$ cat my_file-v6.tsv   # TSV, C-alpha atoms
chain	number	residue	atom	x	y	z
A	1	MET	CA	10.02	-43.40	-10.03
A	2	ASN	CA	10.86	-40.54	-12.40
A	3	ILE	CA	11.59	-37.10	-10.93
A	4	LEU	CA	12.16	-33.86	-12.84
A	5	TYR	CA	14.12	-30.77	-11.79
A	6	THR	CA	14.88	-27.67	-13.87
A	7	PHE	CA	17.58	-25.20	-12.84
A	8	ASP	CA	20.55	-23.10	-13.91
A	9	ASP	CA	23.99	-22.86	-12.29
A	10	LEU	CA	22.77	-20.33	-9.72
A	11	PHE	CA	20.25	-22.83	-8.34
A	12	ALA	CA	22.38	-25.98	-8.82
A	13	GLU	CA	23.24	-26.00	-5.11
A	14	VAL	CA	19.59	-25.49	-4.08
A	15	ALA	CA	18.51	-28.31	-6.42
A	16	GLY	CA	21.28	-30.55	-5.11
A	17	ILE	CA	20.07	-30.13	-1.52
A	18	SER	CA	16.53	-31.01	-2.61
A	19	ILE	CA	17.78	-34.08	-4.50
A	20	LEU	CA	19.78	-35.15	-1.45
A	21	SER	CA	16.66	-34.99	0.76
A	22	LEU	CA	14.71	-36.89	-1.92
A	23	PHE	CA	17.21	-39.78	-1.97
A	24	GLU	CA	17.59	-39.87	1.83
A	25	ASN	CA	13.85	-40.15	2.49
A	26	ASN	CA	13.03	-42.54	-0.36
A	27	LYS	CA	15.55	-45.31	0.25
A	28	ASP	CA	12.79	-47.90	0.03
A	29	ALA	CA	11.99	-47.01	-3.62
A	30	ASP	CA	13.10	-49.68	-6.07
A	31	GLU	CA	14.29	-47.12	-8.60
A	32	ILE	CA	14.62	-43.34	-8.74
A	33	ASN	CA	15.71	-41.60	-11.93
A	34	VAL	CA	16.26	-37.85	-11.61
A	35	TYR	CA	16.08	-35.90	-14.88
A	36	ALA	CA	17.74	-32.49	-14.62
A	37	ILE	CA	17.03	-29.97	-17.37
A	38	CYS	CA	19.76	-27.46	-16.71
A	39	ASP	CA	21.48	-24.51	-18.33
A	40	ASP	CA	25.18	-23.62	-18.04
A	41	VAL	CA	25.73	-25.68	-14.89
A	42	SER	CA	29.44	-25.77	-14.05
A	43	ASP	CA	31.38	-29.03	-14.15
A	44	VAL	CA	32.09	-28.69	-10.42
A	45	ASN	CA	28.38	-28.56	-9.56
A	46	LYS	CA	27.61	-31.40	-11.97
A	47	GLN	CA	30.22	-33.59	-10.28
A	48	ARG	CA	28.72	-32.77	-6.88
A	49	LEU	CA	25.26	-33.75	-8.11
A	50	ILE	CA	26.62	-36.97	-9.62
A	51	GLY	CA	28.41	-37.70	-6.33
A	52	ILE	CA	25.10	-37.37	-4.42
A	53	SER	CA	23.31	-39.77	-6.78
A	54	GLU	CA	26.13	-42.33	-6.74
A	55	SER	CA	26.29	-42.32	-2.94
A	56	TYR	CA	22.63	-43.45	-2.90
A	57	GLU	CA	23.04	-45.71	-5.96
A	58	ARG	CA	20.56	-43.65	-7.97
A	59	LYS	CA	20.66	-42.12	-11.44
A	60	ILE	CA	20.77	-38.47	-12.43
A	61	ILE	CA	20.42	-37.66	-16.13
A	62	PHE	CA	21.41	-34.20	-17.34
A	63	LEU	CA	19.43	-32.80	-20.27
A	64	ASP	CA	20.17	-29.64	-22.24
A	65	ALA	CA	17.82	-26.75	-21.64
A	66	PRO	CA	15.75	-25.49	-24.60
A	67	ASP	CA	16.01	-21.93	-25.86
A	68	VAL	CA	12.50	-20.90	-24.80
A	69	GLU	CA	12.70	-17.34	-26.12
A	70	LYS	CA	13.86	-18.56	-29.53
A	71	ILE	CA	11.11	-21.18	-29.71
A	72	ALA	CA	8.45	-18.68	-28.61
A	73	SER	CA	9.92	-15.93	-30.86
A	74	THR	CA	9.51	-13.36	-28.09
A	75	ALA	CA	11.46	-12.00	-25.15
A	76	ILE	CA	10.27	-13.30	-21.76
A	77	ALA	CA	10.27	-11.07	-18.69
A	78	THR	CA	12.00	-12.54	-15.63
A	79	THR	CA	12.89	-11.39	-12.10
A	80	GLU	CA	15.66	-12.09	-9.59
A	81	TYR	CA	13.46	-14.85	-8.15
A	82	TRP	CA	12.09	-16.30	-11.42
A	83	THR	CA	14.50	-17.08	-14.24
A	84	LEU	CA	14.02	-18.65	-17.66
A	85	ALA	CA	14.66	-22.04	-16.02
A	86	ALA	CA	11.05	-21.90	-14.81
A	87	PHE	CA	9.88	-22.25	-18.43
A	88	TYR	CA	11.96	-25.35	-19.26
A	89	ARG	CA	9.30	-27.65	-17.81
A	90	LEU	CA	6.81	-26.45	-20.45
A	91	LEU	CA	8.77	-28.26	-23.16
A	92	ILE	CA	9.44	-31.56	-21.40
A	93	SER	CA	7.73	-33.86	-23.90
A	94	SER	CA	10.29	-32.77	-26.52
A	95	ILE	CA	13.16	-33.46	-24.12
A	96	LEU	CA	12.24	-36.51	-22.04
A	97	PRO	CA	12.21	-40.10	-23.42
A	98	THR	CA	9.17	-40.73	-25.63
A	99	ASP	CA	8.23	-43.95	-23.82
A	100	MET	CA	7.88	-42.21	-20.44
A	101	THR	CA	4.22	-41.90	-19.39
A	102	LYS	CA	4.45	-39.93	-16.13
A	103	ILE	CA	6.88	-37.93	-14.03
A	104	ILE	CA	6.88	-35.91	-10.81
A	105	TYR	CA	8.15	-32.35	-11.15
A	106	ILE	CA	9.72	-30.77	-8.04
A	107	ASP	CA	10.97	-27.20	-7.64
A	108	SER	CA	14.60	-26.77	-6.60
A	109	ASP	CA	13.69	-24.73	-3.49
A	110	THR	CA	12.15	-27.70	-1.70
A	111	THR	CA	13.12	-30.39	0.79
A	112	VAL	CA	11.56	-33.85	0.68
A	113	GLN	CA	10.62	-35.04	4.17
A	114	SER	CA	9.21	-38.53	3.49
A	115	SER	CA	8.30	-41.07	0.80
A	116	LEU	CA	6.80	-39.92	-2.52
A	117	SER	CA	5.30	-43.33	-3.30
A	118	GLY	CA	1.77	-42.07	-2.49
A	119	LEU	CA	2.08	-39.27	-5.05
A	120	TRP	CA	3.72	-41.52	-7.66
A	121	GLU	CA	0.97	-44.15	-7.43
A	122	MET	CA	-1.88	-41.64	-7.37
A	123	ALA	CA	-4.60	-42.13	-9.98
A	124	ARG	CA	-4.38	-39.44	-12.63
A	125	GLY	CA	-7.88	-39.70	-14.10
A	126	GLY	CA	-8.32	-37.29	-16.99
A	127	SER	CA	-5.90	-34.67	-15.61
A	128	VAL	CA	-2.79	-33.61	-17.50
A	129	ILE	CA	-1.19	-32.22	-14.33
A	130	SER	CA	-2.09	-32.45	-10.63
A	131	GLY	CA	-0.89	-30.19	-7.83
A	132	VAL	CA	-1.82	-28.38	-4.63
A	133	ARG	CA	-4.51	-25.70	-4.91
A	134	THR	CA	-3.48	-22.18	-4.02
A	135	GLU	CA	-5.75	-19.35	-2.83
A	136	HIS	CA	-6.78	-16.78	-5.42
A	137	PHE	CA	-9.99	-15.35	-3.99
A	138	SER	CA	-8.61	-12.08	-2.58
A	139	TRP	CA	-8.99	-9.17	-4.99
A	140	PRO	CA	-5.29	-8.24	-5.39
A	141	TRP	CA	-4.28	-11.86	-6.10
A	142	TYR	CA	-7.29	-12.45	-8.33
A	143	ASN	CA	-6.67	-9.32	-10.42
A	144	THR	CA	-2.90	-9.74	-10.58
A	145	TYR	CA	-2.42	-13.45	-11.16
A	146	VAL	CA	-5.73	-14.94	-12.26
A	147	ARG	CA	-7.89	-12.50	-14.19
A	148	ARG	CA	-4.89	-11.33	-16.23
A	149	VAL	CA	-4.42	-14.84	-17.62
A	150	PHE	CA	-8.06	-15.33	-18.66
A	151	LEU	CA	-9.15	-17.36	-15.62
A	152	LYS	CA	-12.16	-17.07	-13.30
A	153	ARG	CA	-12.65	-17.63	-9.58
A	154	LYS	CA	-14.25	-21.04	-10.05
A	155	ASP	CA	-11.25	-22.36	-12.02
A	156	ILE	CA	-8.71	-24.57	-10.25
A	157	TYR	CA	-5.40	-22.77	-9.80
A	158	ILE	CA	-2.48	-24.83	-8.48
A	159	ASN	CA	1.03	-24.04	-7.34
A	160	SER	CA	3.39	-25.45	-9.96
A	161	GLY	CA	6.19	-26.18	-7.46
A	162	VAL	CA	5.24	-29.86	-7.24
A	163	MET	CA	3.24	-31.60	-9.98
A	164	LEU	CA	2.34	-35.11	-11.02
A	165	ILE	CA	2.52	-34.87	-14.81
A	166	ASN	CA	0.65	-37.24	-17.12
A	167	LEU	CA	3.06	-37.25	-20.05
A	168	ALA	CA	0.79	-39.47	-22.15
A	169	SER	CA	-2.01	-36.87	-22.04
A	170	TRP	CA	0.54	-34.05	-22.35
A	171	ARG	CA	1.59	-35.48	-25.72
A	172	LEU	CA	-1.94	-36.49	-26.76
A	173	TYR	CA	-3.24	-32.93	-26.44
A	174	ASP	CA	-0.02	-31.38	-27.87
A	175	VAL	CA	0.03	-28.85	-25.04
A	176	GLU	CA	3.54	-27.59	-25.82
A	177	GLU	CA	2.29	-25.83	-28.95
A	178	LYS	CA	-0.48	-24.25	-26.88
A	179	PHE	CA	2.04	-23.11	-24.25
A	180	ILE	CA	4.05	-21.32	-26.93
A	181	LYS	CA	0.91	-19.64	-28.32
A	182	PHE	CA	-0.01	-18.47	-24.85
A	183	ILE	CA	3.44	-16.97	-24.24
A	184	ARG	CA	3.11	-15.10	-27.53
A	185	LEU	CA	-0.39	-13.96	-26.59
A	186	MET	CA	0.99	-12.57	-23.32
A	187	GLU	CA	3.95	-11.04	-25.21
A	188	GLY	CA	6.31	-12.70	-22.75
A	189	LYS	CA	4.96	-10.72	-19.77
A	190	ILE	CA	3.41	-13.32	-17.48
A	191	PRO	CA	2.78	-12.38	-13.81
A	192	ALA	CA	3.52	-15.79	-12.24
A	193	VAL	CA	5.64	-17.10	-15.15
A	194	ASP	CA	5.19	-20.82	-15.98
A	195	GLN	CA	2.55	-21.27	-13.26
A	196	ASP	CA	0.16	-18.95	-15.08
A	197	VAL	CA	0.89	-20.67	-18.40
A	198	LEU	CA	0.11	-24.13	-17.00
A	199	ASN	CA	-3.05	-23.09	-15.16
A	200	SER	CA	-4.50	-21.11	-18.04
A	201	VAL	CA	-3.70	-23.46	-20.92
A	202	LEU	CA	-4.66	-26.64	-19.04
A	203	LYS	CA	-7.90	-25.21	-17.63
A	204	GLY	CA	-10.32	-28.08	-17.04
A	205	TYR	CA	-7.54	-30.69	-17.10
A	206	ILE	CA	-5.94	-29.96	-13.73
A	207	GLY	CA	-6.27	-32.27	-10.73
A	208	THR	CA	-5.55	-31.62	-7.06
A	209	VAL	CA	-3.38	-33.45	-4.53
A	210	ASP	CA	-2.99	-33.38	-0.76
A	211	PRO	CA	-1.38	-30.14	0.55
A	212	ALA	CA	1.30	-32.27	2.28
A	213	TYR	CA	2.98	-32.76	-1.11
A	214	ASN	CA	3.67	-29.05	-1.58
A	215	PHE	CA	3.57	-27.57	1.91
A	216	TYR	CA	4.54	-23.91	1.85
A	217	HIS	CA	2.11	-22.74	4.56
A	218	MET	CA	4.72	-22.99	7.32
A	219	SER	CA	6.39	-19.95	5.83
A	220	ILE	CA	3.35	-17.85	4.85
A	221	SER	CA	0.02	-16.87	6.33
A	222	GLU	CA	-2.89	-19.31	6.35
A	223	LYS	CA	-4.94	-16.70	4.49
A	224	ASP	CA	-3.17	-17.91	1.33
A	225	VAL	CA	-4.54	-21.44	1.82
A	226	HIS	CA	-7.46	-22.57	-0.33
A	227	PRO	CA	-10.66	-22.72	1.80
A	228	LYS	CA	-11.12	-26.44	1.06
A	229	ASP	CA	-7.61	-27.19	2.35
A	230	LYS	CA	-7.56	-25.12	5.55
A	231	LYS	CA	-8.51	-28.01	7.87
A	232	ARG	CA	-5.95	-30.34	6.27
A	233	VAL	CA	-3.23	-27.67	6.44
A	234	ARG	CA	-3.86	-27.19	10.16
A	235	GLU	CA	-3.52	-30.97	10.68
A	236	ILE	CA	-0.20	-31.06	8.83
A	237	THR	CA	1.08	-28.06	10.80
A	238	GLN	CA	0.06	-29.57	14.17
A	239	ASN	CA	1.53	-32.99	13.37
A	240	ASN	CA	4.54	-31.51	11.54
A	241	ASN	CA	4.32	-34.20	8.85
A	242	PRO	CA	4.56	-32.57	5.40
A	243	VAL	CA	5.91	-34.74	2.60
A	244	ILE	CA	7.52	-31.88	0.66
A	245	VAL	CA	8.30	-28.47	2.15
A	246	HIS	CA	8.42	-25.66	-0.40
A	247	HIS	CA	10.67	-22.78	0.71
A	248	LEU	CA	9.13	-19.99	-1.35
A	249	ILE	CA	11.41	-17.12	-2.43
A	250	ILE	CA	14.39	-18.98	-1.01
A	251	ARG	CA	16.97	-16.33	-1.93
A	252	ARG	CA	15.24	-13.78	0.27
A	253	LYS	CA	15.09	-16.33	3.12
A	254	ILE	CA	18.81	-17.07	2.73
A	255	ASP	CA	19.57	-13.37	2.84
A	256	LYS	CA	17.58	-12.93	6.05
A	257	ALA	CA	19.01	-16.09	7.62
A	258	GLU	CA	22.57	-14.99	6.83
A	259	SER	CA	21.84	-11.51	8.15
A	260	GLY	CA	20.80	-12.89	11.53
A	261	TRP	CA	17.05	-12.38	11.33
A	262	ASP	CA	15.12	-14.24	13.99
A	263	ASN	CA	11.40	-14.90	13.42
A	264	PRO	CA	9.32	-18.10	13.09
A	265	ARG	CA	9.59	-18.24	9.29
A	266	ILE	CA	13.37	-17.87	9.18
A	267	SER	CA	13.87	-20.09	12.24
A	268	TYR	CA	11.95	-22.91	10.53
A	269	PHE	CA	13.98	-22.36	7.35
A	270	ARG	CA	17.26	-22.57	9.31
A	271	ASP	CA	16.15	-25.75	11.07
A	272	ASP	CA	15.18	-27.47	7.81
A	273	TRP	CA	17.14	-26.25	4.79
A	274	TYR	CA	20.41	-25.56	6.58
A	275	LYS	CA	20.27	-29.05	8.15
A	276	TRP	CA	20.22	-30.61	4.69
A	277	ARG	CA	22.93	-28.27	3.45
A	278	GLU	CA	25.24	-29.53	6.21
A	279	MET	CA	24.85	-33.03	4.74
A	280	SER	CA	25.60	-31.87	1.17
A	281	PRO	CA	28.84	-31.31	-0.80
A	282	TRP	CA	28.20	-27.55	-0.43
A	283	LYS	CA	28.68	-27.71	3.35
A	284	GLY	CA	30.75	-24.79	4.65
A	285	LEU	CA	30.85	-22.94	1.32
A	286	PRO	CA	29.79	-19.26	1.29
A	287	LEU	CA	26.21	-18.41	0.33
A	288	ASP	CA	26.85	-14.92	-1.04
A	289	HIS	CA	25.89	-15.94	-4.58
A	290	LEU	CA	22.40	-16.89	-3.39
A	291	ARG	CA	21.75	-13.86	-1.22
A	292	ALA	CA	19.17	-11.43	-2.57
A	293	ALA	CA	18.96	-8.48	-0.22
A	294	SER	CA	15.55	-6.85	-0.26
A	295	LYS	CA	15.59	-3.20	-1.20
A	296	LYS	CA	15.01	-0.82	1.69
A	297	PRO	CA	12.23	1.66	1.00
A	298	ALA	CA	13.27	5.27	0.60
A	299	PRO	CA	12.53	7.45	3.65
A	300	PRO	CA	9.36	9.51	3.26
A	301	PRO	CA	9.89	13.15	2.29
A	302	ILE	CA	9.76	15.65	5.12
A	303	LYS	CA	6.52	17.62	5.02
A	304	ILE	CA	6.78	21.29	5.96
A	305	LYS	CA	3.64	22.46	7.67
A	306	ARG	CA	2.68	25.92	6.48
A	307	LYS	CA	0.72	28.26	8.68
A	308	THR	CA	-2.74	28.93	7.24
A	309	ILE	CA	-6.03	30.33	8.56
A	310	ARG	CA	-7.43	26.78	8.68
A	311	SER	CA	-4.44	25.43	10.63
A	312	SER	CA	-4.64	28.36	13.04
A	313	ILE	CA	-8.32	27.65	13.71
A	314	LEU	CA	-7.58	23.94	14.25
A	315	ARG	CA	-4.77	24.69	16.69
A	316	PHE	CA	-6.99	27.18	18.59
A	317	THR	CA	-9.83	24.61	18.73
A	318	GLU	CA	-7.42	21.92	19.90
A	319	ARG	CA	-6.20	24.10	22.76
A	320	LYS	CA	-9.54	25.56	23.91
A	321	PHE	CA	-12.08	22.82	23.06
A	322	LYS	CA	-10.01	19.64	23.25
A	323	PRO	CA	-12.88	17.08	23.83
A	324	ALA	CA	-14.86	18.43	20.87
A	325	TYR	CA	-11.73	18.58	18.76
A	326	ASN	CA	-10.84	14.95	19.58
A	327	LEU	CA	-14.35	13.77	18.73
A	328	LEU	CA	-14.40	15.57	15.38
A	329	ASN	CA	-10.84	14.44	14.64
A	330	ASN	CA	-11.71	10.77	15.32
A	331	LEU	CA	-14.85	11.03	13.19
A	332	GLY	CA	-12.75	12.53	10.41
A	333	ILE	CA	-10.20	9.72	10.67
A	334	CYS	CA	-12.92	7.05	10.57
A	335	TYR	CA	-14.61	8.71	7.59
A	336	ALA	CA	-11.30	8.99	5.71
A	337	ALA	CA	-10.48	5.32	6.40
A	338	PHE	CA	-13.97	4.24	5.31
A	339	SER	CA	-13.73	6.33	2.13
A	340	ARG	CA	-10.33	4.84	1.28
A	341	SER	CA	-11.59	1.29	1.88
A	342	MET	CA	-14.67	1.81	-0.29
A	343	GLY	CA	-12.59	3.46	-2.99
A	344	LYS	CA	-10.07	0.61	-2.96
A	345	LEU	CA	-12.84	-1.99	-3.07
A	346	PHE	CA	-14.52	-0.23	-5.99
A	347	ASP	CA	-11.21	-0.03	-7.87
A	348	GLU	CA	-10.44	-3.71	-7.28
A	349	ALA	CA	-13.95	-5.02	-7.96
A	350	VAL	CA	-15.01	-2.74	-10.84
A	351	ILE	CA	-12.35	-0.45	-12.31
A	352	GLU	CA	-9.40	-2.91	-12.41
A	353	PRO	CA	-11.40	-5.87	-13.86
A	354	ALA	CA	-12.80	-3.61	-16.59
A	355	ARG	CA	-9.31	-2.38	-17.42
A	356	ILE	CA	-7.95	-5.94	-17.53
A	357	ARG	CA	-10.80	-7.15	-19.78
A	358	LYS	CA	-10.15	-4.27	-22.17
A	359	TYR	CA	-6.42	-4.98	-22.19
A	360	ASN	CA	-6.94	-8.72	-22.76
A	361	LYS	CA	-9.18	-8.02	-25.76
A	362	HIS	CA	-6.60	-5.60	-27.12
A	363	ARG	CA	-3.81	-8.16	-26.62
A	364	GLN	CA	-5.71	-10.85	-28.51
A	365	LYS	CA	-6.35	-8.41	-31.36
A	366	VAL	CA	-2.72	-7.24	-31.58
A	367	THR	CA	-1.15	-10.73	-31.44
A	368	GLY	CA	-3.83	-12.37	-33.58
A	369	ILE	CA	-4.06	-15.21	-31.04
A	370	ASN	CA	-7.31	-16.04	-29.28
A	371	ILE	CA	-7.22	-17.58	-25.81
A	372	LYS	CA	-9.37	-20.45	-27.14
A	373	ASP	CA	-6.51	-21.38	-29.47
A	374	CYS	CA	-4.29	-21.89	-26.42
A	375	ARG	CA	-6.53	-24.39	-24.68
A	376	ILE	CA	-7.61	-27.98	-25.12
A	377	SER	CA	-10.86	-27.72	-27.02
A	378	LYS	CA	-12.42	-31.07	-26.18
A	379	ARG	CA	-11.56	-34.39	-24.63
A	380	ARG	CA	-10.17	-36.99	-26.99
A	381	THR	CA	-10.77	-40.69	-26.55
$ encode --input "my_file-v6.tsv" --output "structure tokens"
Amino acid sequence: MNILYTFDDLFAEVAGISILSLFENNKDADEINVYAICDDVSDVNKQRLIGISESYERKIIFLDAPDVEKIASTAIATTEYWTLAAFYRLLISSILPTDMTKIIYIDSDTTVQSSLSGLWEMARGGSVISGVRTEHFSWPWYNTYVRRVFLKRKDIYINSGVMLINLASWRLYDVEEKFIKFIRLMEGKIPAVDQDVLNSVLKGYIGTVDPAYNFYHMSISEKDVHPKDKKRVREITQNNNPVIVHHLIIRRKIDKAESGWDNPRISYFRDDWYKWREMSPWKGLPLDHLRAASKKPAPPPIKIKRKTIRSSILRFTERKFKPAYNLLNNLGICYAAFSRSMGKLFDEAVIEPARIRKYNKHRQKVTGINIKDCRISKRRT
């Protein structure tokens, strides 16, 4: 079984905890080779990772990270939660052994709860990658993450945190070149980083797997679950039997856990991730380097109410004709809320899509790259 992780030194500890859980819950596997594409990982962290693999008599192979920005000839926008390490997996066929035909990619911010043999032996069909569907039907998500990368509602959109990758098809279709073209087309500004690249470029060649293999619904609302997976997600939640738990935005969760927050999401995170950390070489070490305190919103400005003829009439009406005033006030509130809702819906359903379409056309014209050039044109036999 071949497993792929990509991380930098900041996430070496997080990846190590995931690898530890992988080895612990897959002792029955004949062979597990972990390939780690990493950047500037310290010797101390490398020795800890090697120690984990040796204790389970497994292999971990360190591979040098590619210079994605140099290869793409453009700067790539990142955030405190998404670093350039997310893009390393796009260039795996140039890094991994040429005779390898398939591999399972796993995000660092995960814990493996049981055997991955079912995923490893899954039939790939004509898919280049397979993963768990994510919801993209709500207008904000659709406009922000899907429409901006030339996708439609009917297209399959998966979470790239866990993927079964068909390396033979990956090489056959030469998708790495298409990934680079897409990054240039987007001018390095991609809303959901590598996930958008994979879903847009491999449109039509993406398969789906059981939600248990990338179960992040314990930490977010069920509204983010794909409609076809809702029943299955409820079963996994009730039976508490996910195969891989994906701790989304783990740095924020660590910050809240360390700050003493107590709610179902953080409690579950403490019970799972911290349990594995206690078994790792990082046990007892401070977590300050992984904390990412969320910014507190600025207090709203104080509004000074000025006395006007209108306000005087309203105050007089409120004092003398309170029932009528309350009725009119409630009607006004309902009308304002209705107007805002309709305005927001119109913006999201009409104005924003039109603006995105115009911008996408402009972007293709400026870069000289058409979205069709970034996709697999037809199936090869």
$ residues_around --input "my_file-v6.tsv" --residues "Pro211 (chain A)" --least-positions-apart "2" --cutoff "8 Å" --atoms "only C-alpha atoms" --output "PyMOL selection string"
chain A and resi 132-133+209+213-215+229+232-233
$ atom_distance --input "my_file-v6.tsv" --atom1 "CA of Arg270 (chain A)" --atom2 "CA of Glu235 (chain A)"
22.5 Å
$ closest_residue --input "my_file-v6.tsv" --among "A:Gly207, A:Pro242, A:Gly332, A:Gly16" --to "Ile129 (chain A)" --atoms "only C-alpha atoms"
A:Gly207
$ closest_residue --input "my_file-v6.tsv" --among "A:Cys374, A:Thr134, A:Ile190, A:Ser339" --to "Glu177 (chain A)" --atoms "only C-alpha atoms"
A:Cys374
$ closest_residue --input "my_file-v6.tsv" --among "A:Phe62, A:Trp261, A:Tyr105, A:Trp276" --to "Asn2 (chain A)" --atoms "all atoms listed in the file"
A:Tyr105
$ closest_residue --input "my_file-v6.tsv" --among "A:Lys27, A:Lys152, A:Arg58, A:Lys178" --to "Ser115 (chain A)" --atoms "all atoms listed in the file"
A:Lys27
$ decode --input "my_file-v6.tsv" --residues "region 203-214 of chain A" --atoms "N, CA, C and O atoms" --output "mmCIF file, in the first residue's frame"
data_model
loop_
_atom_site.group_PDB
_atom_site.id
_atom_site.type_symbol
_atom_site.label_atom_id
_atom_site.label_comp_id
_atom_site.auth_asym_id
_atom_site.auth_seq_id
_atom_site.Cartn_x
_atom_site.Cartn_y
_atom_site.Cartn_z
ATOM 1 N N LYS A 203 -12.235 17.545 -14.564
ATOM 2 C CA LYS A 203 -13.686 17.464 -14.745
ATOM 3 C C LYS A 203 -14.033 16.307 -15.690
ATOM 4 O O LYS A 203 -13.491 16.193 -16.780
ATOM 5 N N GLY A 204 -14.953 15.448 -15.236
ATOM 6 C CA GLY A 204 -15.354 14.301 -16.036
ATOM 7 C C GLY A 204 -14.529 13.056 -15.767
ATOM 8 O O GLY A 204 -14.864 11.970 -16.250
ATOM 9 N N TYR A 205 -13.458 13.185 -14.994
ATOM 10 C CA TYR A 205 -12.575 12.057 -14.708
ATOM 11 C C TYR A 205 -12.388 11.897 -13.196
ATOM 12 O O TYR A 205 -11.335 11.477 -12.724
ATOM 13 N N ILE A 206 -13.427 12.282 -12.462
ATOM 14 C CA ILE A 206 -13.373 12.221 -11.000
ATOM 15 C C ILE A 206 -14.403 11.222 -10.498
ATOM 16 O O ILE A 206 -15.581 11.287 -10.860
ATOM 17 N N GLY A 207 -13.965 10.284 -9.666
ATOM 18 C CA GLY A 207 -14.860 9.310 -9.064
ATOM 19 C C GLY A 207 -15.167 9.676 -7.622
ATOM 20 O O GLY A 207 -14.552 10.561 -7.044
ATOM 21 N N THR A 208 -16.127 8.975 -7.037
ATOM 22 C CA THR A 208 -16.513 9.244 -5.647
ATOM 23 C C THR A 208 -16.300 8.000 -4.792
ATOM 24 O O THR A 208 -16.363 6.870 -5.287
ATOM 25 N N VAL A 209 -16.040 8.247 -3.501
ATOM 26 C CA VAL A 209 -15.849 7.152 -2.542
ATOM 27 C C VAL A 209 -16.765 7.375 -1.351
ATOM 28 O O VAL A 209 -17.384 8.437 -1.204
ATOM 29 N N ASP A 210 -16.843 6.385 -0.498
ATOM 30 C CA ASP A 210 -17.697 6.455 0.694
ATOM 31 C C ASP A 210 -17.243 7.597 1.606
ATOM 32 O O ASP A 210 -16.035 7.781 1.820
ATOM 33 N N PRO A 211 -18.196 8.377 2.163
ATOM 34 C CA PRO A 211 -17.839 9.496 3.053
ATOM 35 C C PRO A 211 -17.009 9.088 4.264
ATOM 36 O O PRO A 211 -16.334 9.928 4.866
ATOM 37 N N ALA A 212 -17.027 7.796 4.630
ATOM 38 C CA ALA A 212 -16.251 7.337 5.787
ATOM 39 C C ALA A 212 -14.751 7.530 5.579
ATOM 40 O O ALA A 212 -13.994 7.621 6.549
ATOM 41 N N TYR A 213 -14.306 7.611 4.320
ATOM 42 C CA TYR A 213 -12.878 7.739 4.045
ATOM 43 C C TYR A 213 -12.366 9.181 4.132
ATOM 44 O O TYR A 213 -11.149 9.397 4.035
ATOM 45 N N ASN A 214 -13.254 10.126 4.299
ATOM 46 C CA ASN A 214 -12.834 11.521 4.494
ATOM 47 C C ASN A 214 -13.958 12.195 5.276
ATOM 48 O O ASN A 214 -14.726 12.983 4.757
#
